[in-house]
Each structure stands twice: as structure tokens, then as C-alpha cells.
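For reference, the structure is listed below as C-alpha cells.
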Amino acid sequence: MLVLAIDTATPQVAVALGDDGRVRGEIRLVGRRRHAEQLAPAIAYLGEQTRVRLEQLAAVAVGIGPGLFTGLRVGVTTAKVMAQTLRIPVVAVPSPDLVAYPLRHAGRLIAVVLDARRREVFHARYRPVPGGVQRVSDYAVGPAADLVAELEAGADEVLLAGDGVEPNRPQFASLDRAEEAGPEFEVPSATALVELATGRVEREEFTSPWSVQPMYLRASDAELAWGQRR
Amino acid sequence: MTDLALLTRSPTETRGVGRALAAVVRPGDVLVVAGDLGAGKTTFVQGLAEGLGVPDGIVSPTFTLAREYEGRVRLVHVDLYRLDRAQELLDLGLEDLADDAVLAVEWGDVAVAYLAPEHLEVRLAAGPDADALEHRTLALAPRGRSWVARQDALAAAVGAA
């Protein structure tokens with residue numbers, strides 16, 4: 001069963017192709033924030049090199065954020081269009097899960113912290129459980145200081161992962177039982193998405209392509225505060 | 001946090017304040033440019049662009065929503081006048097467009113909740129003398145640590161007391 005996995009919630013463009021949960025190829029392009037230019041060619045290259053035609057895919061999996069607005073729209077739209085054209089299901093997975101899952105053997109609390117810009121972070125906490133991780137908080141957005149306060153109150157040993165850690169290092173420094181997972185675990189893993197999505201396809205936990213939505217967390221349907229001024 | 005108040009007597013002087021401010025701004029900064037129609041928001045940003053070394057003149061982005069200019073520091077000039085909903089603002093992807101540029105947002109005060117909490121608010125208003133049609137009052141309000149830290153440099157650059 002072939003699954004294509006896409007995550008564009010951070011400055012990274014990540015694509016992986018898996019067969020029964022094993023990755024046959026993965027492409028990661030980091031830091032240029034050229035999601036719209038890079039995603040489709042990356043998918044095409046991956047297909048060519050693994051000798052897989054898009055028509056053979058059983059499902060497409062996508063990280064739905066929270067994350068960068070522009071990147072998310074590119075990834076989620078691409079996944080929806082592919083699913084609709086190929087008539088295959090979509091598996092939607094929150095992107096912080098894809099940072100936490102590769103750390104499932106860490107043996108302690110995992111705090112995923114992604115850079116939300118505007119001096120805020122997206123964050124979620126996980127505990128390792130047999131075969132994966134279990135989320136133990138809501139997905140949230142706010143100043144890193146809020147997360148630090150919550151972690152201080154919890155007094156757990158914690159592993160910090162995600163690209164929101166480094167820019168807020170001075171604040172996390174006040175935690176004495178925290179350690180950084182390091183650069184390998186800064187961004188969502190498309191390989192993790194292949195593994196997670198394959199299980200969900202087998203259990204038929206899909207979302208209709210029509211209803212897949214990025215998770216923005218910041219309210220976006222609000223009206224701007226024009227009042228009587230226009 | 002002390003606001004700086006300035007009086008300009010002509011569009012040229014308003015532009016001069018923008019030009020002077022260029023000495024203080026850095027990549028990643030957000031300027032919320034507030035004021036009614038005709039208050040001189042675009043004039044102010046034109047001065048800023050000159051100060052940042054943008055070679056060609058800039059025009060109001062009211063219809064294009066956002067324009068980018070290459071200067072000593074890249075400038076992203078945005079006008080929210082045509083926008084109604086926060087979603088439309090987020091659709092511009094300013095977080096991606098401007099994290100290594102100076103972002104100047106006309107009418108930014110209507111969307112301040114969606115912009116960086118650390119910013120400089122530049123508010124332009126006619127007056128105080130209603131007969132002096134070209135006079136403008138400019139209030140510069142630093143918001144957040146990074147701007148408060150630059151308050152003195154800011155005052156020195158724009159020549160405020």
C-alpha cells in the first residue's frame with residue numbers, strides 16, 4: 001500500500017513515499033520557504049526515482065499544522081487536489097505530532113515547540129507510549145514564556161523539540177529539567193507521517209478531501225477593527 | 001513607554017521623518033502606520049523607502065495590497081484599506097514575506113492583533129492648527145521591548161525632544 005506524505009508547516013518542504021509503512025524515499029528542502037515552487041517538483045522527482053506513478057497511491061497524508069500560513073496552504077491544497085483527482089483518501093495529521101513521533105523512545109515528556117513568528121510559538125506536549133506518543137495537552141499558540149510556566153509547574157523531565165526552541169533559548173534556560181532534542185528534531189518528519197498515516201489508512205481513519213483544513217489556531221474569521229472609519 | 005510627538009509643516013517634512021527613521025529600523029521590524037485618508041501615511045513610507053535606499057519611488061499599495069522593494073534593507077509596504085477580514089490579511093502571508101524585511105503597514109491599527117506585538121506605531125493626524133492644511137502631528141509609539149530599547153536612538157534620529 002503506497003502512501004505519499006507531505007508536510008509544509010515550517011520553512012521545510014518535506015515529502016516521503018512509503019510502501020506498507022516503510023519509506024522508499026524522502027525529500028527535505030530546508031529553510032528557503034519556497035513551498036509553492038518546490039513541493040510539486042519534489043513529488044514528481046520522488047515518484048520518478050521510486051518508480052511509483054501517482055495512480056498507484058492508496059492515500060495521501062498531510063501535516064495540517066499549526067504552522068506557517070503560506071506553507072500550510074500549499075501543502076494542504078496539494079494534498080486535497082491530489083486526493084480529489086486520484087480519488088484516494090486524505091489522512092490529516094497535526095504537524096507537531098510529526099516532531100514528537102520520532103522521539104517516542106526518549107522516555108520522558110516531549111514538548112514540541114514550533115516557531116509561530118510574531119514572537120510566539122505553537123506548542124503541544126506528548127508522552128511516550130508503547131508504539132508511539134500520546135498527546136497530553138491541547139495544541140496551543142502563545143509566547144514561549146507561557147509554555148515555560150506550564151512546564152515549570154509540571155516539574156517533569158522534558159525534552160524540547162522543534163524550531164521554536166532555538167529562538168527562545170534564553171527563556172527555556174530557566175527550566176532545570178529540560179534538554180534540547182537537537183537539530184535533527186527541529187521540523188516535522190515526513191517519514192513519521194508515512195508511518196502514522198499507514199496505520200490510519202489501515203484503520204480507515206481518513207478525512208474527506210473536501211473537509212481537510214489547515215489548523216491555524218489563530219482566529220482568522222474575525223473582522224478587522226474598522227469601526228466607522230471607512 | 002513614552003510616545004514621541006512631532007509636528008511637520010509640509011509633506012516634505014513628513015517624508016523627512018520617514019527618511020530619518022530608516023536609520024533606526026532593522027530587518028524584521030514592523031511599523032504600524034495609522035491615520036485617516038490624506039493624513040500622509042504613504043508620504044511617510046515614501047520617506048522611509050528613501051532612507052532605506054530603495055532606488056525608485058514607491059507608490060501606494062492600496063490596490064495591490066502589498067509591494068516589495070529592494071533597498072539597503074528590503075521593504076515590504078502593505079495597505080489594509082481594502083481588507084475586511086483577518087483571513088484576508090493572513091492570506092497575504094506577511095510572516096513569510098517580511099521576516100527579514102522592514103514591514104510598513106498602512107491602516108495597520110485595524111489589525112494590530114494580527115501583527116507583531118513588538119512594533120512601532122506611527123500615527124499621523126491633521127493639525128493641531130486646523131487652518132494650516134499641510135501641518136501634521138506625528139505620534140511615534142514604541143510597543144514592546146525591542147522598540148522601547150531603541151527609544152533614545154529613535155528620538156535622536158527624528159529630532160524629537
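By order in the C-alpha cells, chains are A, B, ...; within a chain, residues start at 1; ligands start at 1, following the order shown.
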Which residues, written as a PyMOL selection string, have at least one atom at most 9 Å from B:Val59, with only C-alpha atoms counted and residues fewer than 3 positions away on the same chain left out? chain B and resi 42+46+62+67
Writer output for current selection, N, CA and C atoms, as a compact mmCIF listing (two decimals), in the first residue's frame:
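Contents of out-v9.txt, freshly written:
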# COMPACT_ATOMS: atom_id res chain seq x y z
N THR B 42 1.24 57.29 3.18
CA THR B 42 2.10 56.88 2.07
C THR B 42 3.30 57.81 1.96
N GLN B 46 7.08 56.70 1.91
CA GLN B 46 7.99 57.07 0.82
C GLN B 46 9.32 57.56 1.37
N THR B 62 -2.57 50.43 -2.24
CA THR B 62 -3.97 50.23 -1.89
C THR B 62 -4.62 49.13 -2.73
N ARG B 67 3.52 45.49 -1.64
CA ARG B 67 4.61 45.65 -2.61
C ARG B 67 5.94 45.49 -1.90
Quick one: which residues from chain A are at most 9 Å off chain B, using only C-alpha atoms, as a list in words?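 Going by the stated atoms only, the list reads Pro11, Arg33, Leu68, Phe69, Thr70, Gly71, Ala116, Arg117, Arg118, Arg119, Arg218, Ala219, Ser220, Asp221, Ala222, Glu223, Leu224, Ala225, Trp226, Gly227, Arg229 and Arg230 of chain A.
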Quick one: residues within 9 Å of A:Thr10, only C-alpha atoms, excluding same-chain residues fewer than 5 positions away - as a ChimeraX atom specification? /A:30-31,33,65-68,71-72,95,114-116,163,187-188
Neighbouring residues of B:His77 were defined as those with any atom within 10 Å, considering only C-alpha atoms; residues of the same chain fewer than 3 positions away were excluded. Please report them as a JSON list (two decimals) with C-alpha atoms, in the first residue's frame.
[["chain", "number", "residue", "atom", "x", "y", "z"],
["B", 31, "LEU", "CA", 5.77, 49.71, 11.54],
["B", 42, "THR", "CA", 2.10, 56.88, 2.07],
["B", 45, "VAL", "CA", 6.51, 55.45, 3.93],
["B", 46, "GLN", "CA", 7.99, 57.07, 0.82],
["B", 49, "ALA", "CA", 11.91, 53.94, 1.49],
["B", 58, "ILE", "CA", 7.22, 53.86, -4.25],
["B", 59, "VAL", "CA", 3.51, 54.02, -4.91],
["B", 60, "SER", "CA", 0.53, 53.38, -2.68],
["B", 61, "PRO", "CA", -0.24, 49.66, -2.49],
["B", 62, "THR", "CA", -3.97, 50.23, -1.89],
["B", 65, "LEU", "CA", -2.23, 45.18, -1.10],
["B", 66, "ALA", "CA", 1.50, 44.54, -0.76],
["B", 67, "ARG", "CA", 4.61, 45.65, -2.61],
["B", 68, "GLU", "CA", 8.22, 44.70, -2.03],
["B", 69, "TYR", "CA", 11.21, 46.95, -2.60],
["B", 74, "ARG", "CA", 14.21, 45.08, 1.97],
["B", 98, "ALA", "CA", 8.63, 40.06, 5.76],
["B", 101, "ALA", "CA", 12.45, 42.86, 5.81],
["B", 102, "VAL", "CA", 11.02, 46.02, 7.29],
["B", 103, "LEU", "CA", 7.25, 45.78, 7.15],
["B", 104, "ALA", "CA", 5.31, 49.05, 6.92],
["B", 105, "VAL", "CA", 1.56, 48.52, 7.24],
["B", 106, "GLU", "CA", -0.79, 51.35, 6.37]]
Give the alpha helix (DSSP H) residues of chain A, as DSSP finds them on the backbone, and put them as a PDB file with C-alpha atoms, in the first residue's frame.
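Generated file (result_2.pdb):
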ATOM      1  CA  HIS A  35       6.917  25.775  -0.773  1.00  0.00           C
ATOM      2  CA  ALA A  36       4.930  26.687  -3.857  1.00  0.00           C
ATOM      3  CA  GLU A  37       7.949  26.311  -6.151  1.00  0.00           C
ATOM      4  CA  GLN A  38       9.459  23.230  -4.535  1.00  0.00           C
ATOM      5  CA  LEU A  39       6.645  20.919  -3.484  1.00  0.00           C
ATOM      6  CA  ALA A  40       5.311  19.701  -6.841  1.00  0.00           C
ATOM      7  CA  PRO A  41       8.798  19.114  -8.375  1.00  0.00           C
ATOM      8  CA  ALA A  42       9.800  17.237  -5.198  1.00  0.00           C
ATOM      9  CA  ILE A  43       6.764  14.956  -5.508  1.00  0.00           C
ATOM     10  CA  ALA A  44       7.474  14.380  -9.195  1.00  0.00           C
ATOM     11  CA  TYR A  45      11.155  13.549  -8.544  1.00  0.00           C
ATOM     12  CA  LEU A  46      10.269  11.197  -5.713  1.00  0.00           C
ATOM     13  CA  GLY A  47       7.803   9.377  -7.946  1.00  0.00           C
ATOM     14  CA  GLU A  48      10.327   9.050 -10.785  1.00  0.00           C
ATOM     15  CA  GLN A  49      13.141   7.776  -8.586  1.00  0.00           C
ATOM     16  CA  THR A  50      10.995   5.260  -6.705  1.00  0.00           C
ATOM     17  CA  PHE A  69       0.269  30.172   6.880  1.00  0.00           C
ATOM     18  CA  THR A  70       1.608  30.236   3.345  1.00  0.00           C
ATOM     19  CA  GLY A  71       3.417  26.912   3.575  1.00  0.00           C
ATOM     20  CA  LEU A  72       0.399  25.168   5.069  1.00  0.00           C
ATOM     21  CA  ARG A  73      -1.882  26.339   2.334  1.00  0.00           C
ATOM     22  CA  VAL A  74       0.475  24.960  -0.319  1.00  0.00           C
ATOM     23  CA  GLY A  75       0.771  21.543   1.340  1.00  0.00           C
ATOM     24  CA  VAL A  76      -2.870  21.123   2.267  1.00  0.00           C
ATOM     25  CA  THR A  77      -4.112  22.318  -1.120  1.00  0.00           C
ATOM     26  CA  THR A  78      -1.721  19.993  -2.952  1.00  0.00           C
ATOM     27  CA  ALA A  79      -2.887  17.026  -0.855  1.00  0.00           C
ATOM     28  CA  LYS A  80      -6.553  17.853  -1.426  1.00  0.00           C
ATOM     29  CA  VAL A  81      -6.150  18.295  -5.164  1.00  0.00           C
ATOM     30  CA  MET A  82      -4.225  15.035  -5.485  1.00  0.00           C
ATOM     31  CA  ALA A  83      -6.810  13.161  -3.432  1.00  0.00           C
ATOM     32  CA  GLN A  84      -9.698  14.556  -5.443  1.00  0.00           C
ATOM     33  CA  THR A  85      -8.091  13.871  -8.821  1.00  0.00           C
ATOM     34  CA  LEU A  86      -6.814  10.421  -7.908  1.00  0.00           C
ATOM     35  CA  SER A  95       2.377  18.682  12.332  1.00  0.00           C
ATOM     36  CA  PRO A  96       3.644  18.728  15.966  1.00  0.00           C
ATOM     37  CA  ASP A  97       2.799  15.001  16.133  1.00  0.00           C
ATOM     38  CA  LEU A  98       5.388  14.550  13.370  1.00  0.00           C
ATOM     39  CA  VAL A  99       8.073  16.164  15.508  1.00  0.00           C
ATOM     40  CA  ALA A 100       7.140  14.129  18.588  1.00  0.00           C
ATOM     41  CA  ALA A 144       7.220  30.846  24.860  1.00  0.00           C
ATOM     42  CA  ALA A 145       7.074  32.198  28.417  1.00  0.00           C
ATOM     43  CA  ASP A 146       3.574  30.712  28.826  1.00  0.00           C
ATOM     44  CA  LEU A 147       4.816  27.251  27.899  1.00  0.00           C
ATOM     45  CA  VAL A 148       7.832  27.657  30.182  1.00  0.00           C
ATOM     46  CA  ALA A 149       5.492  28.488  33.073  1.00  0.00           C
ATOM     47  CA  GLU A 150       3.361  25.409  32.369  1.00  0.00           C
ATOM     48  CA  LEU A 151       6.414  23.169  32.175  1.00  0.00           C
ATOM     49  CA  GLU A 152       7.784  24.630  35.406  1.00  0.00           C
ATOM     50  CA  ALA A 153       4.504  23.864  37.135  1.00  0.00           C
ATOM     51  CA  GLY A 154       4.608  20.270  35.862  1.00  0.00           C
ATOM     52  CA  ARG A 169      16.560  29.519  24.242  1.00  0.00           C
ATOM     53  CA  PRO A 170      17.039  32.171  26.962  1.00  0.00           C
ATOM     54  CA  GLN A 171      13.514  31.521  28.239  1.00  0.00           C
ATOM     55  CA  PHE A 172      13.824  27.732  28.219  1.00  0.00           C
ATOM     56  CA  ALA A 190       7.628  13.076   6.567  1.00  0.00           C
ATOM     57  CA  THR A 191       8.907   9.604   7.439  1.00  0.00           C
ATOM     58  CA  ALA A 192       6.915   9.752  10.673  1.00  0.00           C
ATOM     59  CA  LEU A 193       3.926  10.838   8.618  1.00  0.00           C
ATOM     60  CA  VAL A 194       4.261   7.780   6.374  1.00  0.00           C
ATOM     61  CA  GLU A 195       4.302   5.509   9.439  1.00  0.00           C
ATOM     62  CA  LEU A 196       1.423   7.205  11.225  1.00  0.00           C
ATOM     63  CA  ALA A 197      -0.699   7.571   8.111  1.00  0.00           C
ATOM     64  CA  THR A 198      -0.278   3.965   7.010  1.00  0.00           C
ATOM     65  CA  GLY A 199      -1.774   2.754  10.292  1.00  0.00           C
ATOM     66  CA  ARG A 200      -4.643   5.184   9.909  1.00  0.00           C
ATOM     67  CA  VAL A 201      -5.348   4.114   6.342  1.00  0.00           C
ATOM     68  CA  GLU A 202      -5.471   0.514   7.531  1.00  0.00           C
TER      69      GLU A 202
END
Which residue out of B:Gly127, B:Gly40, B:Pro142, B:Gly159 has the minimum interatomic distance to B:Pro11 when only C-alpha atoms are used?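 The answer is B:Gly40, which sits nearest to B:Pro11.
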Residues at most 10 Å from B:Glu13, counting only C-alpha atoms, excluding those fewer than 2 positions away in the same chain, as a CSV table (one decimal) with N, CA and C atoms, in the first residue's frame?
chain,number,residue,atom,x,y,z
B,7,LEU,N,5.8,67.7,15.0
B,7,LEU,CA,4.9,68.5,14.1
B,7,LEU,C,5.7,68.6,12.8
B,8,THR,N,5.0,68.3,11.7
B,8,THR,CA,5.6,68.6,10.4
B,8,THR,C,4.8,69.7,9.7
B,9,ARG,N,5.4,70.5,8.9
B,9,ARG,CA,4.7,71.6,8.3
B,9,ARG,C,4.4,71.4,6.8
B,10,SER,N,4.9,70.3,6.2
B,10,SER,CA,4.6,70.0,4.8
B,10,SER,C,4.8,68.5,4.6
B,11,PRO,N,4.3,68.0,3.4
B,11,PRO,CA,4.6,66.6,3.0
B,11,PRO,C,6.1,66.4,3.0
B,15,ARG,N,7.9,63.4,5.0
B,15,ARG,CA,8.8,62.4,4.3
B,15,ARG,C,10.1,62.4,5.0
B,16,GLY,N,10.6,63.5,5.5
B,16,GLY,CA,11.9,63.6,6.2
B,16,GLY,C,11.9,62.8,7.4
B,17,VAL,N,10.8,62.7,8.1
B,17,VAL,CA,10.7,61.9,9.4
B,17,VAL,C,10.8,60.4,9.0
B,18,GLY,N,10.2,60.0,7.9
B,18,GLY,CA,10.3,58.7,7.4
B,18,GLY,C,11.7,58.3,7.1
B,19,ARG,N,12.4,59.3,6.4
B,19,ARG,CA,13.8,59.1,6.0
B,19,ARG,C,14.7,58.9,7.2
B,43,THR,N,3.1,59.1,2.2
B,43,THR,CA,4.2,60.1,2.1
B,43,THR,C,5.3,59.7,3.1
B,44,PHE,N,4.8,59.3,4.3
B,44,PHE,CA,5.8,58.9,5.4
B,44,PHE,C,6.6,57.7,4.9
B,47,GLY,N,9.2,58.4,2.4
B,47,GLY,CA,10.5,58.8,3.1
B,47,GLY,C,11.3,57.7,3.6
B,134,GLU,N,-1.4,71.9,5.6
B,134,GLU,CA,-0.3,70.9,5.4
B,134,GLU,C,0.4,70.5,6.7
B,135,HIS,N,-0.1,71.0,7.8
B,135,HIS,CA,0.6,70.6,9.1
B,135,HIS,C,0.0,69.2,9.5
B,136,ARG,N,1.0,68.4,10.0
B,136,ARG,CA,0.6,67.1,10.6
B,136,ARG,C,1.2,66.9,11.9
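Taking atom CA of A:Val212 and atom CA of A:Ile88 as the two end points, the separation is 13.2 Å.
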